[in-house]
Amino acid sequence: MKIAHISDIHVYNKKTAAAFAGLVSRALSLGTDHFVISGDLVNSGTDDEYRLLVSVLKDFDIYNSRMLSVIPGNHDLFTTVFGKVLSTDDLMKNKSLIPSLLSDILRYSLNDYIRDLEKFNDYLHPAFEGSFCAGESFYGYPHAKILSGKVAVICIDSNMPLGIRNNLFASNGHINLHRVENLLSDPRLAGKTIIPVIHHCLYPMGEFKRRHDLIFEKSMILHNRDQVTGFFENHGIRLVLHGHYHVHERYTAGSEGMVVLNSGRGYAGDWHLIDTGSDDFEITSLRG
Ligand SMILES: [Fe+2]
Ligand SMILES: [Fe+2]
């Protein structure tokens, strides 16, 4: 089976929708059987953005569970915040907006989060058919979908309403591992090769400071990243998919070389193709 891993397409106008359509067309021409999009599908969660996104999915007949798995990113959820940022650039490039954004983040409540998550789920609901939750879940996350006889994806919402102190730029995350543990113990997943899909990153602490600066580091935190990495390793996970950080690369996390794909430049046409046919995943990097 060939899985196209795409992330951060940030659809918000006709041009970005056309860019996404180009990516999907190329992926289908290369034999993609299933698309996994790991968040930031739209830029600020407006109905117009979602309609553009859905029109592309429908045009290529991938607006269904057999062809598509998705999770929300922070741009899909913190809609009152990102409504002001009309580009795919990160917040640090829009410094003049920061004061009003901080005020929006301060006011952003759990109810706002639930409203945004429900809207995301409403627009993407065909992708969830046949997937299942186990034990406690939060508005459908995490959920699992069996893609083939042996491969299953676990779709995790790594965004959380964390409050302004822990989420200054609406871009940090946290994963409730208790819920993921419950799901992984479901007998339907026994013997399956599990691929977790998250939005936030598993880069080691300090990596963003080394590449950018301390403020960037503080804006890209998965708060329980070390626990998440250890948890995945303990469960025999060999491949994790994410985006959020707008680079395109493959790296390893943890002590045993767990492979992590960041497809965070979907808006620029970059993605990964994963062939699950052999015992080891065969991964191809594709650039726009
Ligand atoms: Fe993004
Ligand atoms: Fe993001």
# chains A, B, ... in the order shown; residues from 1 in each chain; ligands from 1
$ residues_near_ligand --ligand "ligand 1" --cutoff "6 Å" --atoms "only C-alpha atoms and all ligand atoms" --output "number ranges by chain"
A: 8, 40, 244
$ closest_atom_pairs --of "chain A" --to "ligand 2" --cutoff "8 Å" --atoms "only C-alpha atoms and all ligand atoms" --output "tab-separated table"
residue	atom	partner	partner_atom_place_in_ligand_line	distance
A:Asp8	CA	ligand 2	1 (Fe)	6.7
A:Gly39	CA	ligand 2	1 (Fe)	6.7
A:Asp40	CA	ligand 2	1 (Fe)	5.5
A:Gly73	CA	ligand 2	1 (Fe)	5.1
A:Asn74	CA	ligand 2	1 (Fe)	4.9
A:His75	CA	ligand 2	1 (Fe)	5.8
A:Ser171	CA	ligand 2	1 (Fe)	6.2
A:His199	CA	ligand 2	1 (Fe)	6.6
A:His200	CA	ligand 2	1 (Fe)	7.1
A:Gly243	CA	ligand 2	1 (Fe)	6.9
A:His244	CA	ligand 2	1 (Fe)	3.6
A:Tyr245	CA	ligand 2	1 (Fe)	6.7
$ atom_distance --atom1 "CA of Arg66 (chain A)" --atom2 "CA of Asn262 (chain A)"
22.9 Å
$ residues_around --residues "Ala18 (chain A)" --least-positions-apart "5" --cutoff "10 Å" --atoms "only C-alpha atoms" --output "VMD selection string"
chain A and resid 11 13 23 to 24 52 to 53 56
$ select_by_dssp --residues "region 16-88 of chain A" --states "alpha helix (DSSP H)" --output "ChimeraX atom specification"
/A:16-29,47-59,74-77,79-82
$ write_last_selection --atoms "C-alpha atoms" --output "PDB file, in the first residue's frame"
ATOM      1  CA  THR A  16      -3.558  27.583  -2.322  1.00  0.00           C
ATOM      2  CA  ALA A  17      -6.431  25.256  -3.261  1.00  0.00           C
ATOM      3  CA  ALA A  18      -4.919  24.896  -6.760  1.00  0.00           C
ATOM      4  CA  ALA A  19      -1.527  24.126  -5.220  1.00  0.00           C
ATOM      5  CA  PHE A  20      -3.136  21.407  -3.095  1.00  0.00           C
ATOM      6  CA  ALA A  21      -4.927  20.032  -6.162  1.00  0.00           C
ATOM      7  CA  GLY A  22      -1.584  19.831  -7.963  1.00  0.00           C
ATOM      8  CA  LEU A  23      -0.082  17.876  -5.099  1.00  0.00           C
ATOM      9  CA  VAL A  24      -3.011  15.440  -4.942  1.00  0.00           C
ATOM     10  CA  SER A  25      -2.906  14.939  -8.708  1.00  0.00           C
ATOM     11  CA  ARG A  26       0.808  14.140  -8.596  1.00  0.00           C
ATOM     12  CA  ALA A  27       0.358  11.756  -5.661  1.00  0.00           C
ATOM     13  CA  LEU A  28      -2.420   9.866  -7.458  1.00  0.00           C
ATOM     14  CA  SER A  29      -0.302   9.618 -10.605  1.00  0.00           C
ATOM     15  CA  ASP A  47     -16.317  28.181   5.981  1.00  0.00           C
ATOM     16  CA  ASP A  48     -14.869  29.550   2.741  1.00  0.00           C
ATOM     17  CA  GLU A  49     -11.534  27.855   3.413  1.00  0.00           C
ATOM     18  CA  TYR A  50     -13.170  24.532   4.273  1.00  0.00           C
ATOM     19  CA  ARG A  51     -15.379  24.691   1.163  1.00  0.00           C
ATOM     20  CA  LEU A  52     -12.306  25.204  -1.029  1.00  0.00           C
ATOM     21  CA  LEU A  53     -10.552  22.300   0.677  1.00  0.00           C
ATOM     22  CA  VAL A  54     -13.537  19.977   0.340  1.00  0.00           C
ATOM     23  CA  SER A  55     -14.009  20.906  -3.330  1.00  0.00           C
ATOM     24  CA  VAL A  56     -10.473  19.668  -4.074  1.00  0.00           C
ATOM     25  CA  LEU A  57     -11.041  16.455  -2.092  1.00  0.00           C
ATOM     26  CA  LYS A  58     -14.293  15.866  -4.011  1.00  0.00           C
ATOM     27  CA  ASP A  59     -12.744  16.683  -7.395  1.00  0.00           C
ATOM     28  CA  ASN A  74      -3.470  24.496  15.379  1.00  0.00           C
ATOM     29  CA  HIS A  75      -4.532  26.614  12.356  1.00  0.00           C
ATOM     30  CA  ASP A  76      -7.671  24.468  11.988  1.00  0.00           C
ATOM     31  CA  LEU A  77      -8.604  25.075  15.605  1.00  0.00           C
ATOM     32  CA  THR A  79      -9.587  30.161  14.457  1.00  0.00           C
ATOM     33  CA  THR A  80     -10.108  33.489  16.190  1.00  0.00           C
ATOM     34  CA  VAL A  81      -6.345  33.806  16.447  1.00  0.00           C
ATOM     35  CA  PHE A  82      -5.322  32.729  12.968  1.00  0.00           C
TER      36      PHE A  82
END
$ closest_residue --among "A:Thr252, A:Ser263, A:Ser285, A:Ser96" --to "Val36 (chain A)" --atoms "only C-alpha atoms"
A:Ser263
$ residues_around --residues "Ser69 (chain A)" --least-positions-apart "6" --cutoff "12 Å" --atoms "only C-alpha atoms" --output "PDB file with C-alpha atoms, in the first residue's frame"
ATOM      1  CA  ILE A   3       0.439   6.263   1.644  1.00  0.00           C
ATOM      2  CA  ALA A   4       0.929   9.920   0.760  1.00  0.00           C
ATOM      3  CA  HIS A   5       1.838  11.881   3.872  1.00  0.00           C
ATOM      4  CA  ILE A   6       0.923  15.544   3.438  1.00  0.00           C
ATOM      5  CA  SER A   7       0.769  18.302   6.021  1.00  0.00           C
ATOM      6  CA  ASP A  33      -3.714   4.436  -2.250  1.00  0.00           C
ATOM      7  CA  HIS A  34      -4.347   6.605   0.802  1.00  0.00           C
ATOM      8  CA  PHE A  35      -3.743  10.199   1.903  1.00  0.00           C
ATOM      9  CA  VAL A  36      -2.799  11.144   5.460  1.00  0.00           C
ATOM     10  CA  ILE A  37      -2.921  14.879   6.178  1.00  0.00           C
ATOM     11  CA  SER A  38      -1.422  15.776   9.545  1.00  0.00           C
ATOM     12  CA  GLY A  39      -3.051  19.117  10.298  1.00  0.00           C
ATOM     13  CA  LEU A  41      -5.477  21.784   6.297  1.00  0.00           C
ATOM     14  CA  LEU A  57     -11.041  16.455  -2.092  1.00  0.00           C
ATOM     15  CA  ILE A  62     -10.672  11.275  -2.105  1.00  0.00           C
ATOM     16  CA  TYR A  63     -13.339  12.779   0.202  1.00  0.00           C
ATOM     17  CA  ASN A 121     -14.990  17.221  12.223  1.00  0.00           C
ATOM     18  CA  LEU A 124     -14.003  16.264   7.299  1.00  0.00           C
ATOM     19  CA  HIS A 125     -16.512  13.680   8.564  1.00  0.00           C
ATOM     20  CA  PRO A 126     -16.371  11.415   5.483  1.00  0.00           C
ATOM     21  CA  ALA A 127     -12.740  10.654   6.400  1.00  0.00           C
ATOM     22  CA  PHE A 128     -13.796   9.181   9.762  1.00  0.00           C
ATOM     23  CA  GLU A 129     -16.171   6.476   8.561  1.00  0.00           C
ATOM     24  CA  GLY A 130     -15.106   3.049   9.790  1.00  0.00           C
ATOM     25  CA  SER A 131     -12.553   4.450  12.226  1.00  0.00           C
ATOM     26  CA  HIS A 143      -9.177   7.250  16.689  1.00  0.00           C
ATOM     27  CA  ALA A 144      -7.805   4.363  14.695  1.00  0.00           C
ATOM     28  CA  LYS A 145      -8.357   3.252  11.135  1.00  0.00           C
ATOM     29  CA  ILE A 146      -7.195  -0.005   9.644  1.00  0.00           C
ATOM     30  CA  LEU A 147      -5.866   0.793   6.178  1.00  0.00           C
ATOM     31  CA  ALA A 152      -3.393   1.022  10.933  1.00  0.00           C
ATOM     32  CA  VAL A 153      -3.134   4.760  11.509  1.00  0.00           C
ATOM     33  CA  ILE A 154      -3.808   6.335  14.890  1.00  0.00           C
ATOM     34  CA  CYS A 155      -5.143   9.858  14.416  1.00  0.00           C
ATOM     35  CA  ILE A 156      -4.232  11.956  17.452  1.00  0.00           C
ATOM     36  CA  ILE A 195       1.482   4.576  12.422  1.00  0.00           C
ATOM     37  CA  PRO A 196       0.650   7.471  14.780  1.00  0.00           C
ATOM     38  CA  VAL A 197      -0.277  10.783  13.155  1.00  0.00           C
ATOM     39  CA  ILE A 198       0.240  13.944  15.196  1.00  0.00           C
ATOM     40  CA  LEU A 241       3.985  11.310  10.872  1.00  0.00           C
TER      41      LEU A 241
END
$ select_by_dssp --residues "region 135-283 of chain A" --states "strand (DSSP E or B)" --output "CSV table (one decimal) with all heavy atoms, in the first residue's frame"
chain,number,residue,atom,x,y,z
A,138,PHE,N,-11.8,12.3,23.1
A,138,PHE,CA,-12.2,13.7,23.2
A,138,PHE,C,-12.7,14.1,21.8
A,138,PHE,O,-11.9,14.3,20.9
A,138,PHE,CB,-11.0,14.6,23.7
A,138,PHE,CG,-11.4,16.0,23.9
A,138,PHE,CD1,-12.0,16.4,25.1
A,138,PHE,CD2,-11.2,17.0,23.0
A,138,PHE,CE1,-12.3,17.7,25.3
A,138,PHE,CE2,-11.5,18.3,23.2
A,138,PHE,CZ,-12.1,18.7,24.4
A,141,TYR,N,-11.1,11.9,19.2
A,141,TYR,CA,-9.7,11.7,19.1
A,141,TYR,C,-9.2,11.1,20.5
A,141,TYR,O,-9.7,11.5,21.5
A,141,TYR,CB,-9.0,13.0,18.9
A,141,TYR,CG,-9.4,13.6,17.5
A,141,TYR,CD1,-10.5,14.5,17.5
A,141,TYR,CD2,-8.7,13.3,16.4
A,141,TYR,CE1,-10.9,15.0,16.3
A,141,TYR,CE2,-9.1,13.8,15.1
A,141,TYR,CZ,-10.2,14.7,15.1
A,141,TYR,OH,-10.6,15.2,13.9
A,143,HIS,N,-8.4,8.4,17.3
A,143,HIS,CA,-9.2,7.3,16.7
A,143,HIS,C,-8.2,6.5,15.8
A,143,HIS,O,-7.2,7.0,15.4
A,143,HIS,CB,-10.4,7.7,16.0
A,143,HIS,CG,-10.2,8.7,14.8
A,143,HIS,ND1,-10.4,10.0,14.9
A,143,HIS,CD2,-9.7,8.4,13.6
A,143,HIS,CE1,-10.1,10.6,13.7
A,143,HIS,NE2,-9.6,9.6,12.9
A,144,ALA,N,-8.6,5.2,15.5
A,144,ALA,CA,-7.8,4.4,14.7
A,144,ALA,C,-8.5,4.0,13.4
A,144,ALA,O,-9.8,4.0,13.4
A,144,ALA,CB,-7.5,3.1,15.5
A,145,LYS,N,-7.8,3.7,12.4
A,145,LYS,CA,-8.4,3.3,11.1
A,145,LYS,C,-7.4,2.2,10.6
A,145,LYS,O,-6.2,2.4,10.4
A,145,LYS,CB,-8.5,4.4,10.1
A,145,LYS,CG,-9.3,4.0,8.9
A,145,LYS,CD,-9.2,5.0,7.8
A,145,LYS,CE,-9.9,6.3,8.1
A,145,LYS,NZ,-9.8,7.3,7.1
A,146,ILE,N,-8.0,1.1,10.3
A,146,ILE,CA,-7.2,0.0,9.6
A,146,ILE,C,-7.2,0.2,8.1
A,146,ILE,O,-8.2,0.3,7.5
A,146,ILE,CB,-7.8,-1.4,10.0
A,146,ILE,CG1,-7.6,-1.6,11.5
A,146,ILE,CG2,-7.0,-2.5,9.2
A,146,ILE,CD1,-8.4,-2.7,12.1
A,151,VAL,N,-1.7,-2.7,8.3
A,151,VAL,CA,-1.3,-1.3,8.7
A,151,VAL,C,-2.6,-0.5,9.3
A,151,VAL,O,-3.6,-0.6,8.7
A,151,VAL,CB,-0.7,-0.5,7.5
A,151,VAL,CG1,-0.4,0.9,7.9
A,151,VAL,CG2,0.5,-1.3,7.0
A,152,ALA,N,-2.3,0.2,10.4
A,152,ALA,CA,-3.4,1.0,10.9
A,152,ALA,C,-2.8,2.4,11.3
A,152,ALA,O,-1.6,2.5,11.7
A,152,ALA,CB,-4.0,0.4,12.2
A,153,VAL,N,-3.6,3.4,11.1
A,153,VAL,CA,-3.1,4.8,11.5
A,153,VAL,C,-3.9,5.1,12.8
A,153,VAL,O,-5.1,4.7,13.0
A,153,VAL,CB,-3.4,5.9,10.5
A,153,VAL,CG1,-2.4,5.8,9.3
A,153,VAL,CG2,-4.8,5.9,9.9
A,154,ILE,N,-3.2,5.8,13.7
A,154,ILE,CA,-3.8,6.3,14.9
A,154,ILE,C,-3.8,7.8,14.7
A,154,ILE,O,-2.8,8.5,14.7
A,154,ILE,CB,-3.0,6.0,16.1
A,154,ILE,CG1,-2.8,4.5,16.3
A,154,ILE,CG2,-3.6,6.6,17.4
A,154,ILE,CD1,-4.0,3.7,16.6
A,155,CYS,N,-5.0,8.4,14.6
A,155,CYS,CA,-5.1,9.9,14.4
A,155,CYS,C,-5.3,10.6,15.8
A,155,CYS,O,-6.3,10.4,16.5
A,155,CYS,CB,-6.3,10.1,13.5
A,155,CYS,SG,-6.1,9.4,11.9
A,173,GLY,N,1.6,22.1,21.9
A,173,GLY,CA,0.7,21.0,22.0
A,173,GLY,C,1.0,20.1,23.2
A,173,GLY,O,1.9,20.3,23.9
A,193,THR,N,0.6,-3.1,12.3
A,193,THR,CA,1.7,-2.1,12.3
A,193,THR,C,1.0,-0.7,12.5
A,193,THR,O,0.2,-0.3,11.6
A,193,THR,CB,2.5,-2.1,11.0
A,193,THR,OG1,3.0,-3.5,10.9
A,193,THR,CG2,3.6,-1.1,11.0
A,194,ILE,N,1.4,-0.1,13.6
A,194,ILE,CA,0.7,1.2,13.9
A,194,ILE,C,1.5,2.4,13.5
A,194,ILE,O,2.7,2.5,13.8
A,194,ILE,CB,0.5,1.3,15.5
A,194,ILE,CG1,-0.2,0.0,16.0
A,194,ILE,CG2,-0.2,2.6,15.9
A,194,ILE,CD1,-1.7,0.0,15.6
A,195,ILE,N,0.8,3.3,12.8
A,195,ILE,CA,1.5,4.6,12.4
A,195,ILE,C,0.7,5.7,13.1
A,195,ILE,O,-0.4,6.0,12.7
A,195,ILE,CB,1.5,4.8,10.9
A,195,ILE,CG1,2.1,3.6,10.2
A,195,ILE,CG2,2.2,6.1,10.5
A,195,ILE,CD1,2.1,3.7,8.6
A,196,PRO,N,1.3,6.3,14.2
A,196,PRO,CA,0.7,7.5,14.8
A,196,PRO,C,0.8,8.7,13.9
A,196,PRO,O,1.8,8.9,13.3
A,196,PRO,CB,1.4,7.7,16.1
A,196,PRO,CG,2.3,6.5,16.3
A,196,PRO,CD,2.5,5.9,14.9
A,197,VAL,N,-0.3,9.5,13.9
A,197,VAL,CA,-0.3,10.8,13.2
A,197,VAL,C,-0.5,11.9,14.2
A,197,VAL,O,-1.6,11.9,14.9
A,197,VAL,CB,-1.4,10.8,12.1
A,197,VAL,CG1,-1.3,12.1,11.2
A,197,VAL,CG2,-1.3,9.6,11.2
A,222,LEU,N,5.9,20.6,22.1
A,222,LEU,CA,5.0,19.5,22.4
A,222,LEU,C,5.3,19.2,23.9
A,222,LEU,O,6.4,18.7,24.2
A,222,LEU,CB,5.2,18.3,21.6
A,222,LEU,CG,4.3,17.1,21.9
A,222,LEU,CD1,2.8,17.4,21.7
A,222,LEU,CD2,4.6,15.9,21.0
A,239,LEU,N,7.4,4.3,12.9
A,239,LEU,CA,7.2,5.5,12.0
A,239,LEU,C,6.1,6.4,12.6
A,239,LEU,O,5.0,5.9,13.0
A,239,LEU,CB,6.8,5.0,10.6
A,239,LEU,CG,6.5,6.1,9.6
A,239,LEU,CD1,7.7,6.9,9.3
A,239,LEU,CD2,5.9,5.4,8.3
A,240,VAL,N,6.5,7.7,12.7
A,240,VAL,CA,5.5,8.7,13.2
A,240,VAL,C,5.4,9.8,12.1
A,240,VAL,O,6.4,10.1,11.5
A,240,VAL,CB,6.0,9.3,14.5
A,240,VAL,CG1,5.0,10.4,15.0
A,240,VAL,CG2,6.2,8.3,15.6
A,241,LEU,N,4.2,10.3,11.9
A,241,LEU,CA,4.0,11.3,10.9
A,241,LEU,C,3.5,12.6,11.5
A,241,LEU,O,2.7,12.6,12.4
A,241,LEU,CB,2.9,10.9,9.9
A,241,LEU,CG,3.0,9.5,9.2
A,241,LEU,CD1,1.9,9.2,8.3
A,241,LEU,CD2,4.4,9.3,8.6
A,242,HIS,N,4.1,13.7,11.1
A,242,HIS,CA,3.7,15.0,11.7
A,242,HIS,C,4.0,16.1,10.7
A,242,HIS,O,4.6,15.9,9.6
A,242,HIS,CB,4.2,15.3,13.0
A,242,HIS,CG,5.7,15.8,13.0
A,242,HIS,ND1,6.1,17.0,12.6
A,242,HIS,CD2,6.8,15.1,13.4
A,242,HIS,CE1,7.4,17.1,12.8
A,242,HIS,NE2,7.9,16.0,13.2
A,248,HIS,N,10.6,20.3,5.3
A,248,HIS,CA,10.3,18.9,4.8
A,248,HIS,C,11.5,18.1,5.1
A,248,HIS,O,12.6,18.3,4.6
A,248,HIS,CB,10.1,19.1,3.3
A,248,HIS,CG,10.0,17.7,2.6
A,248,HIS,ND1,8.8,17.1,2.4
A,248,HIS,CD2,11.0,17.0,2.0
A,248,HIS,CE1,9.1,16.0,1.8
A,248,HIS,NE2,10.3,15.9,1.5
A,249,GLU,N,11.4,17.1,6.0
A,249,GLU,CA,12.5,16.3,6.4
A,249,GLU,C,12.1,15.0,7.1
A,249,GLU,O,11.0,14.9,7.6
A,249,GLU,CB,13.6,17.1,7.2
A,249,GLU,CG,13.1,17.6,8.5
A,249,GLU,CD,14.2,18.5,9.2
A,249,GLU,OE1,15.3,18.5,8.7
A,249,GLU,OE2,13.8,19.1,10.2
A,250,ARG,N,13.1,14.1,7.1
A,250,ARG,CA,13.0,12.9,7.9
A,250,ARG,C,14.0,12.9,8.9
A,250,ARG,O,15.2,13.3,8.7
A,250,ARG,CB,13.2,11.8,6.8
A,250,ARG,CG,13.5,10.4,7.4
A,250,ARG,CD,13.9,9.5,6.3
A,250,ARG,NE,14.1,8.1,6.8
A,250,ARG,CZ,14.0,7.0,6.1
A,250,ARG,NH1,13.7,7.1,4.8
A,250,ARG,NH2,14.3,5.9,6.6
A,251,TYR,N,13.7,12.5,10.2
A,251,TYR,CA,14.7,12.4,11.2
A,251,TYR,C,14.3,11.3,12.1
A,251,TYR,O,13.3,10.5,11.9
A,251,TYR,CB,14.8,13.8,12.0
A,251,TYR,CG,13.5,14.2,12.7
A,251,TYR,CD1,13.3,14.0,14.1
A,251,TYR,CD2,12.4,14.8,12.0
A,251,TYR,CE1,12.2,14.4,14.8
A,251,TYR,CE2,11.3,15.2,12.7
A,251,TYR,CZ,11.2,15.0,14.1
A,251,TYR,OH,10.0,15.4,14.7
A,252,THR,N,15.2,11.0,13.1
A,252,THR,CA,14.8,10.0,14.1
A,252,THR,C,14.6,10.5,15.5
A,252,THR,O,15.1,11.6,15.8
A,252,THR,CB,16.0,8.9,14.1
A,252,THR,OG1,17.2,9.5,14.5
A,252,THR,CG2,16.1,8.2,12.8
A,253,ALA,N,13.9,9.8,16.3
A,253,ALA,CA,13.6,10.3,17.7
A,253,ALA,C,13.8,9.1,18.6
A,253,ALA,O,13.6,7.9,18.1
A,253,ALA,CB,12.2,10.8,17.8
A,258,MET,N,13.6,5.5,16.0
A,258,MET,CA,12.2,5.6,15.4
A,258,MET,C,12.2,6.7,14.3
A,258,MET,O,12.7,7.8,14.5
A,258,MET,CB,11.2,6.0,16.5
A,258,MET,CG,9.8,6.0,16.2
A,258,MET,SD,8.8,6.1,17.7
A,258,MET,CE,9.2,7.8,18.3
A,259,VAL,N,11.7,6.3,13.2
A,259,VAL,CA,11.7,7.3,12.0
A,259,VAL,C,10.5,8.2,12.1
A,259,VAL,O,9.4,7.8,12.4
A,259,VAL,CB,11.6,6.5,10.7
A,259,VAL,CG1,11.5,7.4,9.5
A,259,VAL,CG2,12.8,5.6,10.5
A,260,VAL,N,10.8,9.5,11.9
A,260,VAL,CA,9.8,10.5,12.0
A,260,VAL,C,9.8,11.3,10.7
A,260,VAL,O,10.8,11.8,10.3
A,260,VAL,CB,10.0,11.5,13.2
A,260,VAL,CG1,8.8,12.5,13.3
A,260,VAL,CG2,10.2,10.7,14.5
A,261,LEU,N,8.6,11.5,10.1
A,261,LEU,CA,8.5,12.3,8.9
A,261,LEU,C,7.8,13.6,9.2
A,261,LEU,O,6.7,13.6,9.8
A,261,LEU,CB,7.7,11.5,7.8
A,261,LEU,CG,8.3,10.2,7.3
A,261,LEU,CD1,7.4,9.7,6.1
A,261,LEU,CD2,9.7,10.4,6.8
A,262,ASN,N,8.5,14.7,8.8
A,262,ASN,CA,7.8,16.0,8.9
A,262,ASN,C,7.5,16.4,7.5
A,262,ASN,O,8.4,16.6,6.7
A,262,ASN,CB,8.8,17.0,9.6
A,262,ASN,CG,8.2,18.4,9.6
A,262,ASN,OD1,7.0,18.6,9.2
A,262,ASN,ND2,9.0,19.3,10.1
A,263,SER,N,6.2,16.5,7.1
A,263,SER,CA,5.8,16.9,5.8
A,263,SER,C,5.3,18.3,5.8
A,263,SER,O,4.3,18.7,5.1
A,263,SER,CB,4.8,15.9,5.2
A,263,SER,OG,5.4,14.7,4.9
A,271,TRP,N,6.0,16.6,0.0
A,271,TRP,CA,5.3,15.5,0.7
A,271,TRP,C,6.1,14.2,0.7
A,271,TRP,O,7.2,14.2,0.1
A,271,TRP,CB,3.9,15.2,0.0
A,271,TRP,CG,4.0,14.8,-1.4
A,271,TRP,CD1,4.3,15.7,-2.5
A,271,TRP,CD2,3.7,13.6,-2.1
A,271,TRP,NE1,4.2,15.0,-3.7
A,271,TRP,CE2,3.9,13.7,-3.5
A,271,TRP,CE3,3.4,12.3,-1.6
A,271,TRP,CZ2,3.7,12.7,-4.4
A,271,TRP,CZ3,3.2,11.3,-2.5
A,271,TRP,CH2,3.4,11.5,-3.8
A,272,HIS,N,5.7,13.2,1.4
A,272,HIS,CA,6.4,11.9,1.5
A,272,HIS,C,5.5,10.8,1.0
A,272,HIS,O,4.2,10.8,1.2
A,272,HIS,CB,6.8,11.6,2.9
A,272,HIS,CG,7.9,12.4,3.4
A,272,HIS,ND1,7.7,13.5,4.2
A,272,HIS,CD2,9.3,12.3,3.3
A,272,HIS,CE1,8.9,14.1,4.5
A,272,HIS,NE2,9.9,13.3,4.0
A,273,LEU,N,6.1,9.9,0.3
A,273,LEU,CA,5.3,8.7,-0.2
A,273,LEU,C,5.9,7.5,0.6
A,273,LEU,O,7.1,7.3,0.6
A,273,LEU,CB,5.5,8.5,-1.7
A,273,LEU,CG,4.7,7.3,-2.3
A,273,LEU,CD1,3.2,7.6,-2.1
A,273,LEU,CD2,5.0,7.2,-3.8
A,274,ILE,N,5.0,6.8,1.3
A,274,ILE,CA,5.4,5.6,2.1
A,274,ILE,C,4.8,4.4,1.5
A,274,ILE,O,3.6,4.2,1.4
A,274,ILE,CB,4.8,5.8,3.6
A,274,ILE,CG1,5.2,7.2,4.2
A,274,ILE,CG2,5.3,4.6,4.5
A,274,ILE,CD1,4.3,7.7,5.2
A,275,ASP,N,5.7,3.5,1.2
A,275,ASP,CA,5.3,2.2,0.6
A,275,ASP,C,5.4,1.2,1.8
A,275,ASP,O,6.4,0.9,2.3
A,275,ASP,CB,6.2,1.8,-0.5
A,275,ASP,CG,5.6,0.6,-1.3
A,275,ASP,OD1,4.8,-0.2,-0.7
A,275,ASP,OD2,5.8,0.4,-2.5
A,282,GLU,N,9.2,1.8,2.9
A,282,GLU,CA,10.1,2.4,1.9
A,282,GLU,C,9.6,3.9,1.7
A,282,GLU,O,8.4,4.1,1.4
A,282,GLU,CB,10.0,1.7,0.6
A,282,GLU,CG,11.0,2.1,-0.5
A,282,GLU,CD,10.8,1.3,-1.8
A,282,GLU,OE1,10.7,0.1,-1.7
A,282,GLU,OE2,10.7,2.0,-2.8
A,283,ILE,N,10.4,4.8,2.0
A,283,ILE,CA,9.9,6.2,2.1
A,283,ILE,C,10.6,7.0,1.0
A,283,ILE,O,11.9,7.0,0.9
A,283,ILE,CB,10.3,6.8,3.5
A,283,ILE,CG1,9.5,6.1,4.6
A,283,ILE,CG2,10.0,8.3,3.5
A,283,ILE,CD1,10.0,6.3,6.0
$ residues_around --residues "Ile221 (chain A)" --least-positions-apart "6" --cutoff "12 Å" --atoms "only C-alpha atoms" --output "PyMOL selection string"
chain A and resi 158-160+162+166-175+199-209+214-215+244-245
$ closest_residue --among "A:Thr229, A:Pro99, A:Asp104, A:Arg188" --to "Gly149 (chain A)" --atoms "only C-alpha atoms"
A:Arg188
$ closest_residue --among "A:Val180, A:Tyr123, A:Ile114, A:Tyr108" --to "Val70 (chain A)" --atoms "only C-alpha atoms"
A:Tyr123
$ atom_distance --atom1 "CA of Phe281 (chain A)" --atom2 "CA of Gly230 (chain A)"
20.7 Å
$ closest_residue --among "A:Leu101, A:Leu183, A:Ile164, A:Ala190" --to "Ser137 (chain A)" --atoms "only C-alpha atoms"
A:Leu183
$ atom_distance --atom1 "CA of Gly257 (chain A)" --atom2 "CA of Glu233 (chain A)"
9.1 Å
$ decode --residues "region 128-134 of chain A" --atoms "N, CA, C and O atoms" --output "mmCIF file, in the first residue's frame"
data_model
loop_
_atom_site.group_PDB
_atom_site.id
_atom_site.type_symbol
_atom_site.label_atom_id
_atom_site.label_comp_id
_atom_site.auth_asym_id
_atom_site.auth_seq_id
_atom_site.Cartn_x
_atom_site.Cartn_y
_atom_site.Cartn_z
ATOM 1 N N PHE A 128 -13.788 9.903 8.478
ATOM 2 C CA PHE A 128 -13.796 9.181 9.762
ATOM 3 C C PHE A 128 -14.608 7.884 9.716
ATOM 4 O O PHE A 128 -14.571 7.114 10.671
ATOM 5 N N GLU A 129 -15.320 7.660 8.645
ATOM 6 C CA GLU A 129 -16.171 6.476 8.561
ATOM 7 C C GLU A 129 -15.349 5.203 8.735
ATOM 8 O O GLU A 129 -14.278 5.062 8.126
ATOM 9 N N GLY A 130 -15.811 4.314 9.593
ATOM 10 C CA GLY A 130 -15.106 3.049 9.790
ATOM 11 C C GLY A 130 -13.944 3.133 10.750
ATOM 12 O O GLY A 130 -13.322 2.129 11.076
ATOM 13 N N SER A 131 -13.613 4.341 11.215
ATOM 14 C CA SER A 131 -12.553 4.450 12.226
ATOM 15 C C SER A 131 -13.193 4.248 13.598
ATOM 16 O O SER A 131 -14.406 4.336 13.752
ATOM 17 N N PHE A 132 -12.375 3.956 14.585
ATOM 18 C CA PHE A 132 -12.946 3.675 15.898
ATOM 19 C C PHE A 132 -12.118 4.274 17.018
ATOM 20 O O PHE A 132 -10.908 4.416 16.921
ATOM 21 N N CYS A 133 -12.820 4.657 18.094
ATOM 22 C CA CYS A 133 -12.199 5.123 19.327
ATOM 23 C C CYS A 133 -12.297 3.975 20.328
ATOM 24 O O CYS A 133 -13.014 3.012 20.113
ATOM 25 N N ALA A 134 -11.567 4.066 21.409
ATOM 26 C CA ALA A 134 -11.697 3.054 22.461
ATOM 27 C C ALA A 134 -11.560 3.755 23.801
ATOM 28 O O ALA A 134 -10.776 4.684 23.932
#
